[in-house]
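Undergrad: What follows is upload21.txt, compact mmCIF, C-alpha atoms.
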```
# COMPACT_ATOMS: atom_id res chain seq x y z
CA MET O 1 105.01 91.44 84.32
CA LYS O 2 102.82 89.67 81.76
CA ALA O 3 101.77 86.06 82.32
CA LEU O 4 99.27 83.43 81.19
CA VAL O 5 97.03 82.70 84.19
CA LYS O 6 94.38 80.11 84.90
CA THR O 7 92.11 82.42 86.85
CA LYS O 8 89.45 79.94 88.01
CA LEU O 9 87.99 76.51 87.57
CA GLY O 10 85.49 76.05 84.76
CA PRO O 11 85.30 77.38 81.20
CA ASP O 12 86.82 80.64 79.91
CA CYS O 13 89.49 80.43 82.59
CA MET O 14 92.72 81.45 80.81
CA ARG O 15 93.88 85.06 80.76
CA TYR O 16 97.02 86.81 79.47
CA MET O 17 97.33 89.50 82.10
CA ASP O 18 99.50 91.59 84.40
CA MET O 19 100.88 89.84 87.47
CA PRO O 20 103.29 91.03 90.18
CA GLU O 21 106.91 90.37 89.25
CA PRO O 22 108.19 87.74 91.73
CA VAL O 23 110.86 88.45 94.31
CA PRO O 24 113.27 85.64 95.30
CA GLY O 25 113.75 84.58 98.89
CA ALA O 26 117.14 83.87 100.40
CA ASP O 27 117.23 80.30 99.01
CA ASP O 28 115.60 81.08 95.67
CA ILE O 29 116.56 82.19 92.21
CA LYS O 30 114.58 84.49 89.96
CA VAL O 31 114.60 83.12 86.41
CA LYS O 32 114.03 85.11 83.24
CA ILE O 33 112.04 82.71 81.07
CA PHE O 34 113.49 82.07 77.63
CA ALA O 35 110.85 79.64 76.33
CA CYS O 36 108.11 77.47 77.79
CA GLY O 37 106.59 74.54 75.92
CA ILE O 38 102.87 73.80 75.72
CA CYS O 39 102.22 70.35 77.15
CA GLY O 40 99.18 68.13 76.80
CA THR O 41 98.89 68.51 80.56
CA ASP O 42 98.38 72.25 80.06
CA ILE O 43 95.38 71.43 77.87
CA HIS O 44 94.06 69.01 80.49
CA LEU O 45 94.62 71.69 83.15
CA MET O 46 92.73 74.28 81.13
CA HIS O 47 89.75 71.90 80.96
CA ASP O 48 89.98 70.94 84.67
CA GLU O 49 91.10 67.43 83.71
CA TYR O 50 94.34 67.89 85.69
CA PRO O 51 94.40 69.31 89.24
CA SER O 52 95.43 72.94 89.76
CA LYS O 53 95.01 75.67 92.33
CA PRO O 54 93.88 78.83 90.51
CA PRO O 55 94.62 81.61 90.22
CA ILE O 56 97.93 80.20 88.99
CA ILE O 57 100.49 81.08 86.30
CA THR O 58 100.62 77.99 84.10
CA GLY O 59 103.45 76.32 82.20
CA HIS O 60 106.10 73.89 83.41
CA GLU O 61 108.33 73.04 80.43
CA PHE O 62 110.73 75.98 80.46
CA SER O 63 114.31 77.05 80.06
CA GLY O 64 115.65 80.32 81.37
CA VAL O 65 118.51 82.43 82.63
CA VAL O 66 119.12 83.31 86.27
CA ALA O 67 118.30 86.99 86.74
CA GLU O 68 118.82 87.18 90.48
CA ALA O 69 120.03 84.85 93.24
CA GLY O 70 119.02 84.91 96.88
CA ALA O 71 121.47 85.66 99.67
CA ASN O 72 122.02 82.00 100.60
CA VAL O 73 122.37 80.66 97.05
CA THR O 74 125.76 79.25 96.12
CA ASN O 75 124.98 76.93 93.20
CA CYS O 76 123.61 79.56 90.80
CA LYS O 77 124.56 83.06 89.74
CA PRO O 78 123.03 85.64 87.39
CA GLY O 79 123.56 84.66 83.78
CA ASP O 80 123.50 80.89 84.38
CA ARG O 81 121.34 78.95 81.91
CA ILE O 82 119.04 76.57 83.76
CA VAL O 83 116.09 74.21 83.67
CA THR O 84 114.25 73.03 86.75
CA LEU O 85 112.65 70.09 88.46
CA THR O 86 108.90 70.59 88.44
CA ALA O 87 108.04 69.28 91.93
CA VAL O 88 109.54 72.32 93.66
CA ASP O 89 107.49 72.31 96.86
CA THR O 90 107.12 69.15 98.97
CA CYS O 91 106.98 68.39 102.68
CA GLU O 92 110.55 66.95 102.72
CA GLU O 93 109.48 64.70 105.63
CA CYS O 94 107.20 61.94 104.30
CA GLU O 95 108.47 58.54 103.25
CA TRP O 96 108.17 59.47 99.58
CA CYS O 97 110.32 62.58 99.99
CA ARG O 98 112.88 60.55 101.94
CA GLN O 99 113.05 58.11 99.02
CA GLY O 100 113.51 60.94 96.52
CA LEU O 101 110.05 60.37 95.04
CA ARG O 102 108.92 63.97 95.26
CA MET O 103 106.07 63.55 92.77
CA LEU O 104 104.39 61.14 95.19
CA CYS O 105 104.50 63.51 98.17
CA PRO O 106 100.90 64.19 99.30
CA GLU O 107 101.83 67.86 99.88
CA ARG O 108 103.54 68.32 96.50
CA LYS O 109 103.12 71.52 94.53
CA SER O 110 104.54 71.63 91.02
CA VAL O 111 105.32 74.66 88.89
CA GLY O 112 102.45 75.59 86.63
CA SER O 113 99.73 73.81 88.59
CA GLY O 114 100.37 74.13 92.32
CA CYS O 115 102.63 77.18 92.21
CA ASN O 116 103.40 79.78 89.57
CA GLY O 117 105.03 78.50 86.39
CA GLY O 118 106.79 79.44 83.20
CA PHE O 119 104.20 81.10 80.96
CA ALA O 120 105.47 84.41 82.30
CA GLU O 121 108.35 86.82 82.01
CA TYR O 122 109.87 85.62 85.28
CA VAL O 123 109.48 82.80 87.78
CA VAL O 124 110.99 82.18 91.20
CA ILE O 125 112.09 78.65 92.15
CA PRO O 126 114.19 77.12 94.94
CA ALA O 127 117.80 77.19 93.75
CA LYS O 128 118.37 73.60 94.87
CA HIS O 129 116.04 72.34 92.14
CA ALA O 130 117.83 74.06 89.24
CA PHE O 131 119.94 72.14 86.73
CA HIS O 132 122.67 73.91 84.78
CA LEU O 133 122.50 73.46 81.02
CA PRO O 134 125.57 71.87 79.46
CA ASP O 135 127.34 73.87 76.77
CA GLY O 136 126.11 73.26 73.26
CA ILE O 137 122.43 72.85 74.11
CA ALA O 138 120.31 75.63 72.61
CA MET O 139 117.84 77.33 74.92
CA GLU O 140 114.88 76.44 72.75
CA THR O 141 115.95 72.76 72.75
CA ALA O 142 116.38 72.94 76.53
CA ALA O 143 112.68 73.80 76.87
CA LEU O 144 112.04 70.17 75.87
CA CYS O 145 114.12 68.88 78.77
CA GLU O 146 111.09 68.52 81.07
CA PRO O 147 109.12 66.18 78.75
CA LEU O 148 112.39 64.38 78.02
CA ALA O 149 112.93 63.85 81.76
CA CYS O 150 109.41 62.42 82.02
CA VAL O 151 110.23 59.99 79.22
CA CYS O 152 113.52 59.05 80.87
CA ARG O 153 111.50 58.23 83.98
CA SER O 154 109.31 55.90 81.89
CA VAL O 155 111.97 54.27 79.73
CA CYS O 156 115.07 54.20 81.92
CA GLU O 157 113.69 53.98 85.44
CA ARG O 158 110.26 52.33 85.24
CA ALA O 159 110.99 49.93 82.36
CA SER O 160 113.86 47.80 81.19
CA VAL O 161 114.83 48.23 77.53
CA LYS O 162 117.68 45.94 76.52
CA GLY O 163 119.73 46.01 73.35
CA GLY O 164 117.84 44.41 70.48
CA ASN O 165 114.44 44.50 72.17
CA PHE O 166 111.50 45.27 69.93
CA VAL O 167 109.84 48.32 71.43
CA LEU O 168 106.36 49.39 70.39
CA VAL O 169 105.74 53.12 70.78
CA ALA O 170 102.02 53.84 70.40
CA GLY O 171 101.48 57.39 69.20
CA ALA O 172 103.48 59.78 67.06
CA GLY O 173 103.38 63.06 68.99
CA VAL O 174 106.14 64.71 71.00
CA MET O 175 106.08 62.26 73.92
CA ALA O 176 106.11 59.33 71.50
CA GLN O 177 109.01 60.80 69.53
CA LEU O 178 110.98 61.37 72.74
CA THR O 179 110.14 57.87 73.97
CA ALA O 180 111.38 56.42 70.70
CA GLN O 181 114.61 58.40 70.96
CA VAL O 182 115.36 57.27 74.52
CA ALA O 183 114.40 53.66 73.76
CA MET O 184 116.79 53.69 70.78
CA ALA O 185 119.54 55.20 72.96
CA ASN O 186 119.07 52.13 75.18
CA GLY O 187 119.40 49.78 72.22
CA GLY O 188 115.72 49.24 71.44
CA VAL O 189 114.40 48.56 67.93
CA VAL O 190 111.39 50.88 67.74
CA ILE O 191 108.12 50.26 65.93
CA MET O 192 105.91 53.36 66.09
CA THR O 193 102.14 53.24 65.53
CA GLY O 194 99.76 56.03 64.64
CA LEU O 195 96.91 57.12 62.40
CA LYS O 196 96.85 57.96 58.70
CA ASN O 197 96.97 61.66 59.51
CA ASP O 198 100.32 61.07 61.26
CA ALA O 199 102.24 60.83 57.96
CA GLU O 200 104.31 63.96 58.69
CA ARG O 201 105.09 62.74 62.18
CA PHE O 202 106.06 59.32 60.87
CA ALA O 203 108.44 60.99 58.42
CA MET O 204 110.11 62.75 61.35
CA ALA O 205 110.34 59.48 63.29
CA LYS O 206 112.02 57.81 60.34
CA ARG O 207 114.52 60.66 60.02
CA LEU O 208 115.33 60.27 63.71
CA GLY O 209 116.01 56.54 63.37
CA VAL O 210 112.77 54.64 64.09
CA PHE O 211 112.88 51.16 62.56
CA GLU O 212 109.28 50.98 61.30
CA THR O 213 106.05 52.98 61.37
CA LEU O 214 102.58 51.44 61.16
CA TYR O 215 99.14 52.91 60.65
CA VAL O 216 96.69 51.27 63.06
CA ASP O 217 93.69 52.44 61.01
CA GLU O 218 94.87 50.78 57.81
CA GLY O 219 95.48 47.16 56.85
CA ASP O 220 96.34 44.64 59.57
CA PRO O 221 98.83 46.36 61.90
CA LEU O 222 98.87 43.53 64.44
CA ALA O 223 99.88 41.03 61.77
CA ARG O 224 102.64 43.41 60.67
CA VAL O 225 103.97 43.70 64.24
CA MET O 226 104.07 39.93 64.45
CA GLU O 227 105.83 39.71 61.10
CA LEU O 228 108.47 42.28 62.17
CA THR O 229 109.08 40.50 65.49
CA GLY O 230 109.31 36.95 64.17
CA GLY O 231 105.86 36.05 65.40
CA MET O 232 106.64 36.83 69.04
CA GLY O 233 105.37 40.38 69.53
CA ALA O 234 107.18 43.33 71.08
CA GLN O 235 109.05 42.97 74.37
CA LEU O 236 107.86 46.40 75.54
CA ALA O 237 105.02 48.75 74.61
CA PHE O 238 104.91 52.41 75.61
CA GLU O 239 101.42 53.89 75.30
CA CYS O 240 101.95 57.56 74.40
CA SER O 241 98.59 58.62 72.96
CA GLY O 242 96.20 58.29 75.90
CA ALA O 243 93.59 56.51 73.75
CA ALA O 244 91.75 53.41 74.93
CA ALA O 245 92.07 51.75 71.52
CA SER O 246 95.82 52.31 71.65
CA ALA O 247 96.07 50.63 75.06
CA LYS O 248 94.18 47.62 73.70
CA PHE O 249 96.48 47.37 70.69
CA CYS O 250 99.57 47.52 72.91
CA ILE O 251 98.36 44.54 74.95
CA GLU O 252 97.58 42.61 71.76
CA ALA O 253 100.96 43.41 70.19
CA LEU O 254 103.06 42.51 73.23
CA MET O 255 104.75 39.17 73.49
CA LYS O 256 103.86 36.90 76.39
CA THR O 257 105.67 38.17 79.53
CA GLY O 258 106.09 41.56 77.83
CA GLN O 259 105.92 44.93 79.59
CA TYR O 260 103.24 47.60 79.12
CA ILE O 261 104.14 51.13 80.21
CA GLN O 262 101.58 53.96 80.32
CA VAL O 263 103.25 57.25 79.39
CA ALA O 264 100.35 59.48 78.29
CA ILE O 265 97.68 60.78 80.65
CA PRO O 266 94.32 59.68 79.18
CA GLY O 267 92.50 62.43 81.09
CA LYS O 268 89.53 60.13 81.72
CA PRO O 269 88.88 56.51 82.70
CA ILE O 270 89.49 54.01 79.90
CA LEU O 271 88.53 50.37 79.48
CA PHE O 272 91.48 48.02 79.76
CA ASP O 273 91.58 44.34 78.79
CA MET O 274 92.96 43.00 82.05
CA ASP O 275 92.06 39.43 81.10
CA MET O 276 94.33 39.50 78.06
CA ALA O 277 97.11 41.05 80.14
CA LEU O 278 96.66 38.29 82.72
CA TYR O 279 96.61 35.45 80.19
CA LYS O 280 99.83 36.76 78.63
CA GLU O 281 101.48 37.55 82.01
CA ILE O 282 102.03 41.16 80.96
CA THR O 283 103.81 43.39 83.46
CA ILE O 284 101.95 46.71 83.69
CA SER O 285 103.85 49.84 84.63
CA ASN O 286 103.65 53.60 84.31
CA SER O 287 105.39 56.77 85.45
CA TYR O 288 104.22 60.07 86.87
CA ALA O 289 106.22 63.01 85.51
CA SER O 290 109.87 62.93 86.63
CA GLU O 291 112.25 62.80 89.56
CA ARG O 292 115.69 64.33 90.02
CA THR O 293 117.37 61.20 88.69
CA SER O 294 115.29 61.46 85.50
CA TRP O 295 116.63 64.96 84.81
CA LEU O 296 120.22 63.83 85.25
CA ILE O 297 119.67 61.10 82.65
CA ALA O 298 117.95 63.52 80.25
CA LEU O 299 120.69 66.13 80.48
CA ARG O 300 123.39 63.50 79.96
CA LEU O 301 121.66 62.15 76.86
CA MET O 302 121.43 65.68 75.49
CA GLU O 303 125.00 66.60 76.40
CA LYS O 304 126.50 63.46 74.86
CA LYS O 305 124.29 63.83 71.76
CA LEU O 306 122.85 60.35 72.19
CA ILE O 307 119.46 61.72 71.12
CA ASN O 308 118.34 64.38 68.66
CA ILE O 309 115.34 66.31 69.96
CA ALA O 310 115.99 69.76 68.49
CA PRO O 311 113.74 69.12 65.42
CA LEU O 312 110.77 68.58 67.71
CA ALA O 313 110.62 72.28 68.66
CA SER O 314 108.52 73.00 65.58
CA SER O 315 106.83 76.30 66.50
CA ILE O 316 108.09 79.29 68.49
CA LEU O 317 105.54 82.01 69.21
CA PRO O 318 105.43 85.07 71.45
CA LEU O 319 103.55 84.48 74.70
CA THR O 320 100.98 87.00 73.46
CA GLU O 321 99.97 84.41 70.84
CA TRP O 322 99.22 81.70 73.40
CA GLU O 323 95.77 81.01 71.97
CA GLU O 324 97.26 80.12 68.59
CA GLY O 325 99.84 77.95 70.34
CA PHE O 326 97.16 76.10 72.29
CA ARG O 327 95.15 75.64 69.09
CA ARG O 328 98.13 74.07 67.30
CA THR O 329 98.71 71.77 70.24
CA ILE O 330 95.07 70.69 70.45
CA VAL O 331 94.80 69.91 66.72
CA LYS O 332 98.27 68.26 66.76
CA GLU O 333 99.75 70.65 64.24
CA GLY O 334 103.50 70.05 64.14
CA PHE O 335 105.24 68.95 67.31
CA LYS O 336 106.19 71.07 70.33
CA VAL O 337 104.94 74.66 70.43
CA LEU O 338 107.14 77.00 72.49
CA LEU O 339 105.92 80.31 73.88
CA MET O 340 108.43 83.11 74.48
CA PRO O 341 107.64 85.99 76.86
CA HIS O 342 110.74 87.81 75.57
CA PRO O 343 110.72 86.98 71.84
CA GLU O 344 113.62 89.34 71.23
CA ASP O 345 115.83 86.85 73.12
CA LEU O 346 115.55 84.37 70.25
CA LYS O 347 117.44 86.68 67.88
CA GLU O 348 120.08 87.35 70.51
CA SER O 349 120.64 83.60 70.98
CA GLU O 350 121.13 82.91 67.28
```
For the file at hand, write its structure as structure tokens.

TA:
Amino acid sequence: MKALVKTKLGPDCMRYMDMPEPVPGADDIKVKIFACGICGTDIHLMHDEYPSKPPIITGHEFSGVVAEAGANVTNCKPGDRIVTLTAVDTCEECEWCRQGLRMLCPERKSVGSGCNGGFAEYVVIPAKHAFHLPDGIAMETAALCEPLACVCRSVCERASVKGGNFVLVAGAGVMAQLTAQVAMANGGVVIMTGLKNDAERFAMAKRLGVFETLYVDEGDPLARVMELTGGMGAQLAFECSGAAASAKFCIEALMKTGQYIQVAIPGKPILFDMDMALYKEITISNSYASERTSWLIALRLMEKKLINIAPLASSILPLTEWEEGFRRTIVKEGFKVLLMPHPEDLKESE
């Protein structure tokens, strides 16, 4: 089969190449990939800014259809539409695994970085980690379920958004748009910040229900946040850009006793004004990818149509055009770029 492989550490490491088609074990399912989204983590991984174990088939944001089920599998059958937890290989014995915090297991291997992922025609995963897609969710939309689950981890499990809270979402990309959607589903009043070149992304945010958008490189955005919040500042700030300046602005724009949540991976150390956070008694939190509970929340939000994420799948390209997809992601052209190893499946799904 064809796949996109990180062949080594260092530059010039990505190759679209032939790989053996995987064979499922007794407890596994073989999944025919429908679409796999390009994540900022994939860019970090390409540049060795995120850990991986090459040679490895990359990609972790995918939807697919069960092509084959192992002899012991009872929860999936061929033809089932699924998405999957990313932390598919853990020790199952450490305290973190016992608590259901698989991402914190010291032996964890996730699809696309520690074991083969979704930028391929097929992938094999343990059947116990598959989630069935509810009816009415398109396969291309389902490819956004993984980033949505990560956001649900941040917003619903690692933070506390209450109805009427002013919620600052710093950034205007896919993770920021998803964060805004989930915060609004929890009753938050969202103020999104970005740069002047984010006008198109701000327009999308407005269409999806964001209360206000602010350019941080124009005028006095901090004064505007204070004006919008009655002089108090936001109750919560989700940093979704990974930029040091954005982190600083979040701390400034939070009310005293507010909550700061790091969503984006900066990819490098950043300076952080801990003194200001201390003086304001800011609670600092974060989240690392997703857990099983996060996926259940994400799928329920999608099923009950409490969020609208379909417009964020802005580009769908054949897997052969991965370089163009990575380019669009790096230059922030549009929103989520999906790669399809079987592009003919898109017509069949329409």

Undergrad: Can you list every residue of stretch 106-188 of chain O that has an atom at most 12 Å from stretch 66-75 of chain O, with its nearest atom pair and the distance in Å to one decimal, using only C-alpha atoms, ordered by chain then number, as JSON lines?

TA:
```
{"residue": "O:Glu121", "atom": "CA", "partner": "O:Ala67", "partner_atom": "CA", "distance": 11.0}
{"residue": "O:Tyr122", "atom": "CA", "partner": "O:Ala67", "partner_atom": "CA", "distance": 8.7}
{"residue": "O:Val123", "atom": "CA", "partner": "O:Val66", "partner_atom": "CA", "distance": 9.8}
{"residue": "O:Val124", "atom": "CA", "partner": "O:Glu68", "partner_atom": "CA", "distance": 9.3}
{"residue": "O:Ile125", "atom": "CA", "partner": "O:Ala69", "partner_atom": "CA", "distance": 10.1}
{"residue": "O:Pro126", "atom": "CA", "partner": "O:Val73", "partner_atom": "CA", "distance": 9.2}
{"residue": "O:Ala127", "atom": "CA", "partner": "O:Val73", "partner_atom": "CA", "distance": 6.6}
{"residue": "O:Lys128", "atom": "CA", "partner": "O:Asn75", "partner_atom": "CA", "distance": 7.6}
{"residue": "O:His129", "atom": "CA", "partner": "O:Asn75", "partner_atom": "CA", "distance": 10.1}
{"residue": "O:Ala130", "atom": "CA", "partner": "O:Asn75", "partner_atom": "CA", "distance": 8.7}
{"residue": "O:Phe131", "atom": "CA", "partner": "O:Asn75", "partner_atom": "CA", "distance": 9.5}
{"residue": "O:His132", "atom": "CA", "partner": "O:Asn75", "partner_atom": "CA", "distance": 9.2}
{"residue": "O:Leu133", "atom": "CA", "partner": "O:Val66", "partner_atom": "CA", "distance": 11.7}
```

Undergrad: Using only C-alpha atoms, which residues sit within 9 Å of O:Ala185 once same-chain residues fewer than 2 positions away are excluded, as a PyMOL selection string?

TA: chain O and resi 180-183+187-188+301+306-307

Undergrad: Would you list the residues near (108.0, 54.8, 61.9) (no more than 9 Å away, in the coordinates of the file, using all atoms listed in the file) as number ranges by chain?

TA: O: 172, 190-194, 201-207, 209-214

Undergrad: If you count all atoms listed in the file, which residues fall within 7 Å of stretch 227-240 of chain O, apart from same-chain ones fewer than 6 positions away, as a list in words?

TA: Asn165, Phe166, Val167, Leu168, Val169, Ala170, Gly171, Met175, Ala176, Ser246, Ala247, Cys250, Ala253, Leu254, Met255, Gly258, Gln259, Tyr260, Ile261, Gln262, Val263 and Ala264 of chain O

Undergrad: Hey, which of O:Gly325, O:Gly163, O:Ala3, O:Leu338 ends up closest to O:Met17? Count only C-alpha atoms.

TA: O:Ala3

Undergrad: Do you have the atom CA of O:His342-atom CA of O:Gly25 distance handy?

TA: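 Distance reported for this atom pair: 23.7 Å.
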
Undergrad: In terms of the shortest atom-to-atom distance over all atoms listed in the file, which of O:Glu218, O:Glu303, O:Glu321, O:Glu107 is closest to O:Gly136?

TA: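 Under the stated criterion, the closest residue is O:Glu303.
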
Undergrad: Residues near O:Ala298, anyone? I mean within 12 Å using all atoms listed in the file, not counting same-chain ones fewer than 5 positions away, as an MDAnalysis selection string.

TA: chainID O and resid 83 85 131 133:134 142 144:157 178:179 181:182 185 290:293 303:309

Undergrad: Would you give the centre and edge lengths, in Å to one decimal, of a box along x, y and z around the listed atoms of stretch 312-325 of chain O, with 3 Å added to each side, as JSON?

TA:
```
{"center_x": 103.3, "center_y": 77.8, "center_z": 70.1, "size_x": 21.0, "size_y": 24.4, "size_z": 15.1}
```

Undergrad: Can you tell me which residues surround O:Asp217 at a distance of at most 9 Å, considering all atoms listed in the file, apart from same-chain residues fewer than 4 positions away, and format the answer as a PyMOL selection string?

TA: chain O and resi 194-196+221

Undergrad: Could you write out the selected residues, including C-alpha atoms, as a PDB file, in the coordinates of the input?

TA:
```pdb
ATOM      1  CA  GLY O 194      99.760  56.030  64.640  1.00  0.00           C
ATOM      2  CA  LEU O 195      96.910  57.120  62.400  1.00  0.00           C
ATOM      3  CA  LYS O 196      96.850  57.960  58.700  1.00  0.00           C
ATOM      4  CA  PRO O 221      98.830  46.360  61.900  1.00  0.00           C
TER       5      PRO O 221
END
```

Undergrad: I want to know what sits within 8 Å of O:Asn116, based on all atoms listed in the file, with residues of the same chain fewer than 2 positions away left out; could you give that as a list in words?

TA: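 In the requested format, the answer is Ile56, Ile57, Thr58, Val111, Gly112, Ser113, Gly114, Gly118 and Val123 of chain O.
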
Undergrad: For the residues selected in the previous step, produce a file with C-alpha atoms as a CSV table (one decimal), in the frame of the given file.

TA:
```csv
chain,number,residue,atom,x,y,z
O,56,ILE,CA,97.9,80.2,89.0
O,57,ILE,CA,100.5,81.1,86.3
O,58,THR,CA,100.6,78.0,84.1
O,111,VAL,CA,105.3,74.7,88.9
O,112,GLY,CA,102.4,75.6,86.6
O,113,SER,CA,99.7,73.8,88.6
O,114,GLY,CA,100.4,74.1,92.3
O,118,GLY,CA,106.8,79.4,83.2
O,123,VAL,CA,109.5,82.8,87.8
```

Undergrad: Measure the distance from atom CA of O:Val5 to atom CA of O:Phe119 in Å and round it to one decimal.

TA: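 Between atom CA of O:Val5 and atom CA of O:Phe119 the gap works out to 8.0 Å.
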
Undergrad: To one decimal in Å, tell me the separation between atom CA of O:Ile284 and atom CA of O:Ala243.

TA: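 Value for the atom CA of O:Ile284-atom CA of O:Ala243 distance: 16.3 Å.
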
Undergrad: Which is closest to O:Met14 among O:Glu252, O:Trp322, O:Cys36, O:Asp275, if we use all atoms listed in the file?

TA: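 Using all atoms listed in the file, the shortest distance to O:Met14 belongs to O:Trp322.
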
Undergrad: Counting all atoms listed in the file, which residue out of O:Val225, O:Val88, O:His47, O:Gly173 sits closest to O:Asp28?

TA: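 Closest candidate: O:Val88.
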
Undergrad: Using all atoms listed in the file, list the residues that have an atom at most 7 Å from (124.3, 82.6, 82.0), coordinates as in the file, as a VMD selection string.

TA: chain O and resid 65 to 66 78 to 81
